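Structure file query30.txt; described as compact mmCIF, C-alpha atoms and all ligand atoms.
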```
# COMPACT_ATOMS: atom_id res chain seq x y z
CA MET V 1102 0.00 0.00 0.00
CA ALA V 1103 2.66 2.47 1.08
CA GLU V 1104 4.72 1.57 -1.96
CA ASN V 1105 1.83 2.43 -4.26
CA CYS V 1106 1.37 5.69 -2.50
CA TYR V 1107 5.01 6.61 -3.10
CA GLU V 1108 4.77 5.62 -6.75
CA TYR V 1109 1.69 7.79 -7.09
CA VAL V 1110 3.65 10.79 -5.82
CA ASN V 1111 6.58 9.93 -8.12
CA GLU V 1112 4.30 9.90 -11.12
CA ASN V 1113 2.48 13.11 -10.17
CA LEU V 1114 5.71 14.94 -9.54
CA ARG V 1115 7.15 13.83 -12.86
CA ALA V 1116 4.08 15.13 -14.69
CA ILE V 1117 4.00 18.44 -12.79
CA ARG V 1118 7.68 19.09 -13.45
CA GLU V 1119 7.13 18.35 -17.10
CA ASN V 1120 4.17 20.75 -17.25
CA ILE V 1121 6.11 23.49 -15.48
CA ALA V 1122 9.04 23.14 -17.89
CA GLU V 1123 6.76 23.05 -20.92
CA THR V 1124 4.73 26.10 -19.83
CA ALA V 1125 7.81 28.10 -18.86
CA GLU V 1126 9.37 27.38 -22.21
CA LYS V 1127 6.19 28.32 -24.05
CA CYS V 1128 6.17 31.78 -22.49
CA GLY V 1129 9.89 32.32 -22.80
CA ARG V 1130 10.74 31.85 -19.15
CA CYS V 1131 13.55 29.86 -17.65
CA THR V 1132 12.27 26.70 -15.91
CA ASP V 1133 14.40 27.52 -12.89
CA SER V 1134 12.49 30.78 -12.40
CA VAL V 1135 9.48 28.78 -11.20
CA ARG V 1136 9.77 26.96 -7.88
CA LEU V 1137 7.43 24.13 -6.97
CA MET V 1138 6.07 24.11 -3.44
CA ALA V 1139 4.50 20.97 -1.96
CA VAL V 1140 1.45 21.94 0.09
CA THR V 1141 1.35 19.41 2.90
CA LYS V 1142 -1.96 19.89 4.69
CA THR V 1143 -3.40 16.55 5.88
CA VAL V 1144 -0.50 14.64 4.28
CA ALA V 1145 1.46 12.22 6.49
CA PRO V 1146 5.00 13.47 7.16
CA GLU V 1147 6.52 10.23 5.79
CA ILE V 1148 4.93 10.94 2.42
CA VAL V 1149 6.07 14.54 2.55
CA ASN V 1150 9.60 13.24 3.21
CA HIS V 1151 9.32 11.00 0.21
CA ALA V 1152 8.59 14.08 -1.91
CA VAL V 1153 11.62 15.76 -0.35
CA SER V 1154 13.74 12.74 -1.29
CA LEU V 1155 12.69 13.35 -4.91
CA GLY V 1156 14.26 16.78 -4.76
CA LEU V 1157 11.26 18.81 -3.68
CA THR V 1158 12.61 21.08 -1.00
CA LEU V 1159 9.96 23.73 -0.54
CA LEU V 1160 7.07 22.87 1.78
CA GLY V 1161 3.94 24.96 2.37
CA GLU V 1162 2.23 24.76 5.76
CA ASN V 1163 -1.31 26.02 6.42
CA ARG V 1164 -1.98 25.24 10.02
CA VAL V 1165 0.23 25.98 12.97
CA GLN V 1166 -0.91 22.99 15.09
CA GLU V 1167 -0.59 20.51 12.27
CA PHE V 1168 2.84 21.84 11.36
CA LEU V 1169 4.07 21.57 14.95
CA SER V 1170 2.92 17.96 15.12
CA LYS V 1171 4.75 17.00 11.92
CA GLN V 1172 7.80 19.22 12.12
CA GLU V 1173 9.94 16.77 14.12
CA VAL V 1174 9.58 14.09 11.46
CA TYR V 1175 10.30 16.33 8.48
CA GLU V 1176 13.61 16.04 6.67
CA LYS V 1177 15.64 19.04 7.70
CA SER V 1178 16.72 19.79 4.14
CA ALA V 1179 13.28 21.14 3.27
CA GLN V 1180 12.52 24.83 3.55
CA ILE V 1181 9.22 25.67 5.22
CA HIS V 1182 6.96 28.52 4.17
CA PHE V 1183 3.86 29.35 6.15
CA ILE V 1184 0.96 29.92 3.72
CA GLY V 1185 -2.19 29.74 5.86
CA HIS V 1186 -4.16 32.36 7.72
CA LEU V 1187 -2.05 33.30 10.72
CA GLN V 1188 -3.38 34.55 14.03
CA THR V 1189 -1.19 37.05 15.84
CA ASN V 1190 -1.01 34.89 18.97
CA LYS V 1191 0.46 31.97 17.00
CA VAL V 1192 3.39 33.77 15.40
CA LYS V 1193 5.57 32.76 18.32
CA TYR V 1194 5.36 29.08 17.34
CA ILE V 1195 6.61 29.55 13.81
CA ILE V 1196 9.02 32.46 14.02
CA GLU V 1197 12.01 30.13 14.39
CA PRO V 1198 11.29 27.08 12.17
CA VAL V 1199 9.73 28.84 9.21
CA SER V 1200 11.83 30.66 6.62
CA VAL V 1201 9.10 32.68 4.89
CA ILE V 1202 5.63 33.77 6.02
CA GLN V 1203 3.61 34.19 2.83
CA SER V 1204 0.35 35.25 4.46
CA VAL V 1205 1.00 38.70 5.92
CA ASP V 1206 -2.14 40.75 5.40
CA SER V 1207 -2.41 43.27 8.24
CA LEU V 1208 -0.34 45.79 10.09
CA LYS V 1209 -1.10 44.08 13.39
CA LEU V 1210 0.26 40.75 12.16
CA ALA V 1211 3.33 42.41 10.66
CA GLN V 1212 4.02 44.20 13.95
CA GLU V 1213 3.95 40.94 15.88
CA ILE V 1214 6.22 39.20 13.37
CA ASN V 1215 8.59 42.16 13.58
CA ARG V 1216 8.60 42.16 17.37
CA LEU V 1217 9.34 38.42 17.60
CA ALA V 1218 11.88 38.42 14.77
CA ILE V 1219 13.87 41.11 16.55
CA ALA V 1220 13.60 39.17 19.83
CA HIS V 1221 14.95 36.08 18.02
CA ASN V 1222 17.70 38.04 16.36
CA LYS V 1223 16.51 37.34 12.87
CA ILE V 1224 15.00 39.06 9.90
CA MET V 1225 11.83 37.35 8.72
CA ASP V 1226 11.22 37.14 4.99
CA VAL V 1227 7.56 37.66 4.18
CA LEU V 1228 5.16 37.94 1.26
CA CYS V 1229 2.02 40.03 1.51
CA GLU V 1230 -1.13 38.11 0.76
CA VAL V 1231 -3.51 39.96 -1.55
CA ASN V 1232 -7.23 39.23 -1.76
CA ILE V 1233 -7.23 39.86 -5.48
CA GLY V 1234 -10.83 38.76 -6.02
CA GLY V 1235 -12.18 40.82 -3.11
CA GLU V 1236 -13.85 37.72 -1.69
CA ASP V 1237 -15.34 37.90 1.82
CA SER V 1238 -14.35 34.31 2.48
CA LYS V 1239 -10.64 34.92 1.91
CA SER V 1240 -7.97 36.61 3.91
CA GLY V 1241 -5.49 38.98 2.31
CA VAL V 1242 -5.14 42.73 2.00
CA SER V 1243 -7.26 44.41 -0.67
CA PRO V 1244 -5.40 45.63 -3.76
CA ASP V 1245 -6.27 49.22 -2.79
CA ASN V 1246 -4.68 48.94 0.63
CA LEU V 1247 -1.61 46.97 -0.42
CA LYS V 1248 0.75 49.87 -1.09
CA ARG V 1249 -0.03 51.50 2.22
CA LEU V 1250 0.58 48.24 4.11
CA LEU V 1251 3.89 47.72 2.31
CA GLU V 1252 4.98 51.25 3.17
CA GLN V 1253 4.13 50.65 6.82
CA ILE V 1254 6.09 47.38 6.87
CA SER V 1255 9.04 48.87 5.00
CA GLY V 1256 10.21 50.61 8.16
CA MET V 1257 10.28 47.43 10.25
CA GLU V 1258 13.76 46.14 11.01
CA GLY V 1259 12.74 42.55 11.64
CA ILE V 1260 10.90 42.04 8.35
CA ARG V 1261 11.98 41.92 4.74
CA VAL V 1262 9.19 41.90 2.16
CA LYS V 1263 10.10 39.68 -0.79
CA GLY V 1264 6.94 39.78 -2.85
CA LEU V 1265 3.26 38.90 -3.02
CA MET V 1266 1.03 35.86 -2.64
CA THR V 1267 -2.56 35.28 -3.71
CA ILE V 1268 -5.34 32.73 -4.07
CA PRO V 1269 -7.56 33.92 -6.93
CA PRO V 1270 -11.26 33.03 -7.11
CA PRO V 1271 -11.25 29.54 -8.67
CA SER V 1272 -13.98 30.24 -11.19
CA ASP V 1273 -12.25 33.25 -12.79
CA SER V 1274 -8.70 32.45 -11.93
CA ASP V 1275 -7.17 33.46 -15.26
CA ILE V 1276 -8.60 37.01 -15.08
CA PHE V 1277 -7.45 37.48 -11.52
CA LEU V 1278 -4.02 35.97 -12.14
CA GLY V 1279 -3.67 38.64 -14.81
CA ARG V 1280 -4.72 41.38 -12.39
CA MET V 1281 -2.27 40.07 -9.87
CA GLU V 1282 0.52 40.25 -12.43
CA GLU V 1283 -0.37 43.90 -13.14
CA LEU V 1284 -0.48 44.76 -9.45
CA PHE V 1285 2.87 43.03 -8.87
CA ASN V 1286 4.50 45.00 -11.68
CA LYS V 1287 2.96 48.25 -10.49
CA ILE V 1288 4.28 47.77 -6.95
CA LYS V 1289 7.64 46.73 -8.33
CA SER V 1290 7.98 49.92 -10.34
CA ALA V 1291 6.83 52.02 -7.37
CA GLY V 1292 10.17 51.04 -5.82
CA ILE V 1293 9.23 51.11 -2.13
CA GLN V 1294 12.33 51.22 0.07
CA ASN V 1295 13.27 47.88 1.67
CA VAL V 1296 10.50 46.13 -0.23
CA SER V 1297 11.55 43.82 -3.04
CA MET V 1298 9.25 42.20 -5.55
CA ASP V 1299 11.20 39.03 -6.35
CA GLU V 1300 8.55 36.46 -5.53
CA LEU V 1301 5.04 36.09 -6.88
CA SER V 1302 3.42 33.10 -5.20
CA MET V 1303 0.30 31.97 -7.05
CA GLY V 1304 -1.08 28.97 -8.86
CA MET V 1305 -2.44 25.77 -7.35
CA THR V 1306 -3.35 22.38 -8.79
CA HIS V 1307 -6.08 23.73 -11.07
CA ASP V 1308 -4.34 26.87 -12.33
CA TYR V 1309 -0.56 26.63 -11.96
CA GLN V 1310 0.11 26.66 -15.67
CA GLN V 1311 -1.85 29.91 -16.16
CA ALA V 1312 -0.09 31.30 -13.09
CA ILE V 1313 3.29 30.64 -14.71
CA ILE V 1314 2.16 32.49 -17.81
CA HIS V 1315 1.27 35.42 -15.53
CA GLY V 1316 4.68 35.46 -13.89
CA ALA V 1317 4.41 33.20 -10.84
CA THR V 1318 7.77 32.37 -9.26
CA ILE V 1319 6.33 29.92 -6.73
CA VAL V 1320 3.46 27.54 -7.52
CA ARG V 1321 1.84 25.84 -4.55
CA ILE V 1322 0.53 22.36 -5.23
CA GLY V 1323 -1.25 19.98 -2.87
CA THR V 1324 -3.90 17.78 -4.47
CA GLY V 1325 -2.07 17.43 -7.76
CA LEU V 1326 0.93 15.97 -5.99
CA PHE V 1327 -0.47 14.00 -3.03
CA GLY V 1328 -4.03 13.28 -4.14
CA LYS V 1329 -7.41 14.42 -2.97
CA ARG V 1330 -7.67 15.49 0.67
CA ASN V 1331 -10.35 13.72 2.66
CA TYR V 1332 -12.20 16.76 3.95
C1 LIG V 1401 -4.36 24.05 -0.05
C2 LIG V 1401 -3.61 25.20 -0.56
C3 LIG V 1401 -2.90 25.13 -1.77
C4 LIG V 1401 -2.89 23.90 -2.66
O1 LIG V 1401 -4.13 23.67 -3.22
P1 LIG V 1401 -4.37 22.43 -4.21
O2 LIG V 1401 -5.58 22.81 -4.95
O3 LIG V 1401 -4.55 21.24 -3.35
O4 LIG V 1401 -3.18 22.32 -5.06
C5 LIG V 1401 -2.18 26.25 -2.18
N1 LIG V 1401 -2.15 27.38 -1.44
C6 LIG V 1401 -2.82 27.48 -0.27
C7 LIG V 1401 -2.73 28.74 0.49
C8 LIG V 1401 -3.56 26.40 0.20
O5 LIG V 1401 -4.22 26.52 1.35
```
Show me this structure written as C-alpha cells.
Ligand SMILES: *Cc1c(COP(=O)(O)O)cnc(C)c1O
Amino acid sequence: MAENCYEYVNENLRAIRENIAETAEKCGRCTDSVRLMAVTKTVAPEIVNHAVSLGLTLLGENRVQEFLSKQEVYEKSAQIHFIGHLQTNKVKYIIEPVSVIQSVDSLKLAQEINRLAIAHNKIMDVLCEVNIGGEDSKSGVSPDNLKRLLEQISGMEGIRVKGLMTIPPPSDSDIFLGRMEELFNKIKSAGIQNVSMDELSMGMTHDYQQAIIHGATIVRIGTGLFGKRNY
C-alpha cells in the first residue's frame, strides 16, 4: 500500500515538473524561475519526506498545530513557508522554524512578526497576501490597501518583504491571475524602500500553468501531488 502511495507521488511529480518546464518554455521563461512548493496539509510526514527525497525542498504549511505535530519528522533539508491564515497569537510558534511567512495581510500581524523576529535576532522574509478577487471568504489585504501596508512594513527592522502571494477566485482564476501580475508590476515599479518584488506566489493544482504564464515564481501544489484530501 505504502509503496503504491510513493509511486503515485513519483508519477504526479514527474508530470507536474514536465508541465512546469513546458509552460515556462512556451512563455519564454527559464524553468528555474518557477519553484514548486509541496502543500502538505493533511498529508502524512513520511509521504512529505518521500517528496523531499525526490528533490522537492519547498514545503507549504497552512496550520500551525498541524505543522508543529509534523515538524519533528520532516527532513531538515526542506525549507518551510507558512501559507495559511495566521493569528497574531500563533506567530511565536513559527518564528524560528519557518523561513518565509507568505500570508502577511495586516499591520497588526506584521508588527507581531517584527517584534518576535527582533527578539529572536533574525529578519523574517515575508510575502504580503492579496485578496485579489475581493472575496469575503478569503484573507489577504485588498489591492487598494496593499501599497499603504507595504509602506508601513518597510520601516520594520525585523521584516523583509520579498513579494506577493494570492489565491484567486477559482472560477475566474485566469482574469485574476492577470490582475495580480499587473499589481505586482505596479508595486515593483513604485520602488518602495526595503520592499523587493522578487517572488510572486500563485497557482495551485487547477491553475498553476496559467499562473506561470502570468509570472508566478512559486506555484503551490497539494492535491495534484499528493491526491485528494479527505475533507
Ligand atoms: C491548499 C492550498 C494550496 C494547494 O491547493 P491544491 O488545490 O490542493 O493544489 C495552495 N495554497 C494554499 C494557500 C492552500 O491553502
Would you list the contacts of V:Ala1220 as a VMD selection string, taking every protein, DNA or RNA residue within 12 Å and counting all atoms listed in the file, but skipping same-chain residues closer than 2 positions in sequence? chain V and resid 1193 1196 to 1197 1213 to 1218 1222 to 1225 1258 to 1259
Near V:Glu1236, counting all atoms listed in the file, which residues have an atom at most 12 Å away, once you skip same-chain residues fewer than 5 positions from it, shown as a compact mmCIF listing (two decimals) with C-alpha atoms, in the coordinates of the input?
```txt
# COMPACT_ATOMS: atom_id res chain seq x y z
CA VAL V 1231 -3.51 39.96 -1.55
CA GLY V 1241 -5.49 38.98 2.31
CA VAL V 1242 -5.14 42.73 2.00
CA SER V 1243 -7.26 44.41 -0.67
CA PRO V 1244 -5.40 45.63 -3.76
CA THR V 1267 -2.56 35.28 -3.71
CA ILE V 1268 -5.34 32.73 -4.07
CA PRO V 1269 -7.56 33.92 -6.93
CA PRO V 1270 -11.26 33.03 -7.11
CA PRO V 1271 -11.25 29.54 -8.67
CA PHE V 1277 -7.45 37.48 -11.52
```
Counting only C-alpha atoms and all ligand atoms, which residues of chain V fall within 9 Å of ligand LIG 1401 (chain V), and what is the closest atom pair for each with its distance in Å at one decimal, ordered by chain and rising number, as CSV?
```
residue,atom,partner,partner_atom,distance
V:Met1138,CA,V:LIG1401,C5,8.6
V:Ala1139,CA,V:LIG1401,C4,8.0
V:Val1140,CA,V:LIG1401,C4,5.5
V:Thr1141,CA,V:LIG1401,C1,7.9
V:Lys1142,CA,V:LIG1401,C1,6.7
V:Gly1161,CA,V:LIG1401,N1,7.6
V:Glu1162,CA,V:LIG1401,O5,8.0
V:Asn1163,CA,V:LIG1401,O5,5.9
V:Phe1183,CA,V:LIG1401,C7,8.7
V:Ile1184,CA,V:LIG1401,C7,5.0
V:Gly1185,CA,V:LIG1401,C7,5.5
V:His1186,CA,V:LIG1401,C7,8.2
V:Gln1203,CA,V:LIG1401,C7,8.7
V:Ser1204,CA,V:LIG1401,C7,8.2
V:Met1266,CA,V:LIG1401,C7,8.6
V:Thr1267,CA,V:LIG1401,C7,7.8
V:Ile1268,CA,V:LIG1401,C7,6.6
V:Ser1302,CA,V:LIG1401,N1,8.8
V:Met1303,CA,V:LIG1401,N1,7.7
V:Gly1304,CA,V:LIG1401,C5,7.3
V:Met1305,CA,V:LIG1401,O4,4.2
V:Thr1306,CA,V:LIG1401,O4,3.7
V:His1307,CA,V:LIG1401,O2,6.2
V:Asp1308,CA,V:LIG1401,O2,8.5
V:Tyr1309,CA,V:LIG1401,O4,8.5
V:Val1320,CA,V:LIG1401,C5,7.9
V:Arg1321,CA,V:LIG1401,C5,4.7
V:Ile1322,CA,V:LIG1401,O4,3.7
V:Gly1323,CA,V:LIG1401,O3,3.6
V:Thr1324,CA,V:LIG1401,O3,3.7
V:Gly1325,CA,V:LIG1401,O4,5.7
V:Leu1326,CA,V:LIG1401,O4,7.6
V:Phe1327,CA,V:LIG1401,O3,8.3
V:Gly1328,CA,V:LIG1401,O3,8.0
V:Lys1329,CA,V:LIG1401,O3,7.4
V:Arg1330,CA,V:LIG1401,O3,7.7
```
Calculated over all atoms listed in the file, which of the candidates V:Ile1202, V:Leu1187, V:Val1174, V:Leu1157 has the smallest distance to V:Asp1226? V:Ile1202
What does the distance from atom CA of V:Asn1286 to atom CA of V:Thr1318 come to in Å, to one decimal? 13.3 Å
Looking at all atoms listed in the file, which of V:Glu1126, V:Asp1206, V:Gly1256, V:Ala1116 is the one that sits closest to V:Lys1239?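 Once distances to V:Lys1239 are computed over all atoms listed in the file, the minimum belongs to V:Asp1206.
Residue nearest V:Ile1276, chosen from V:Ser1154, V:Asn1113, V:Gln1311, V:Gln1188 and counting all atoms listed in the file: V:Gln1311.
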Local residues around (6.2, 37.9, -3.2), at most 7 Å away, using all atoms listed in the file, as a compact mmCIF listing (two decimals) with C-alpha atoms, in the frame of the given file:
```txt
# COMPACT_ATOMS: atom_id res chain seq x y z
CA LEU V 1228 5.16 37.94 1.26
CA CYS V 1229 2.02 40.03 1.51
CA LYS V 1263 10.10 39.68 -0.79
CA GLY V 1264 6.94 39.78 -2.85
CA LEU V 1265 3.26 38.90 -3.02
CA MET V 1266 1.03 35.86 -2.64
CA MET V 1298 9.25 42.20 -5.55
CA ASP V 1299 11.20 39.03 -6.35
CA GLU V 1300 8.55 36.46 -5.53
CA LEU V 1301 5.04 36.09 -6.88
CA SER V 1302 3.42 33.10 -5.20
```
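Going from atom CA of V:Leu1247 over to atom CA of V:Ile1288, you cover 8.8 Å.
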Go through V:Gln1180, V:Asn1331, V:Gln1212, V:Ser1290 and flag the residue nearest V:Lys1248, using all atoms listed in the file for the distances.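 Closest candidate: V:Ser1290.
As for atom CA of V:Ser1240 and atom CA of V:Glu1173, they are spaced 28.6 Å apart.
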Residue with the minimum atom-to-atom distance to V:Ala1291, picked from V:Val1135, V:Leu1251, V:Leu1208, V:Ala1145 with only C-alpha atoms counted, is V:Leu1251
Which of these, V:Thr1132, V:Ser1178, V:Asn1295, V:Thr1124, has the shortest distance to V:Gln1253 once you count only C-alpha atoms? V:Asn1295
Coordinates of box centre and edge lengths for stretch 1204-1222 of chain V, 4 Å on every side, axis-aligned, as JSON:
```
{"center_x": 7.6, "center_y": 40.5, "center_z": 12.1, "size_x": 28.1, "size_y": 18.5, "size_z": 23.4}
```
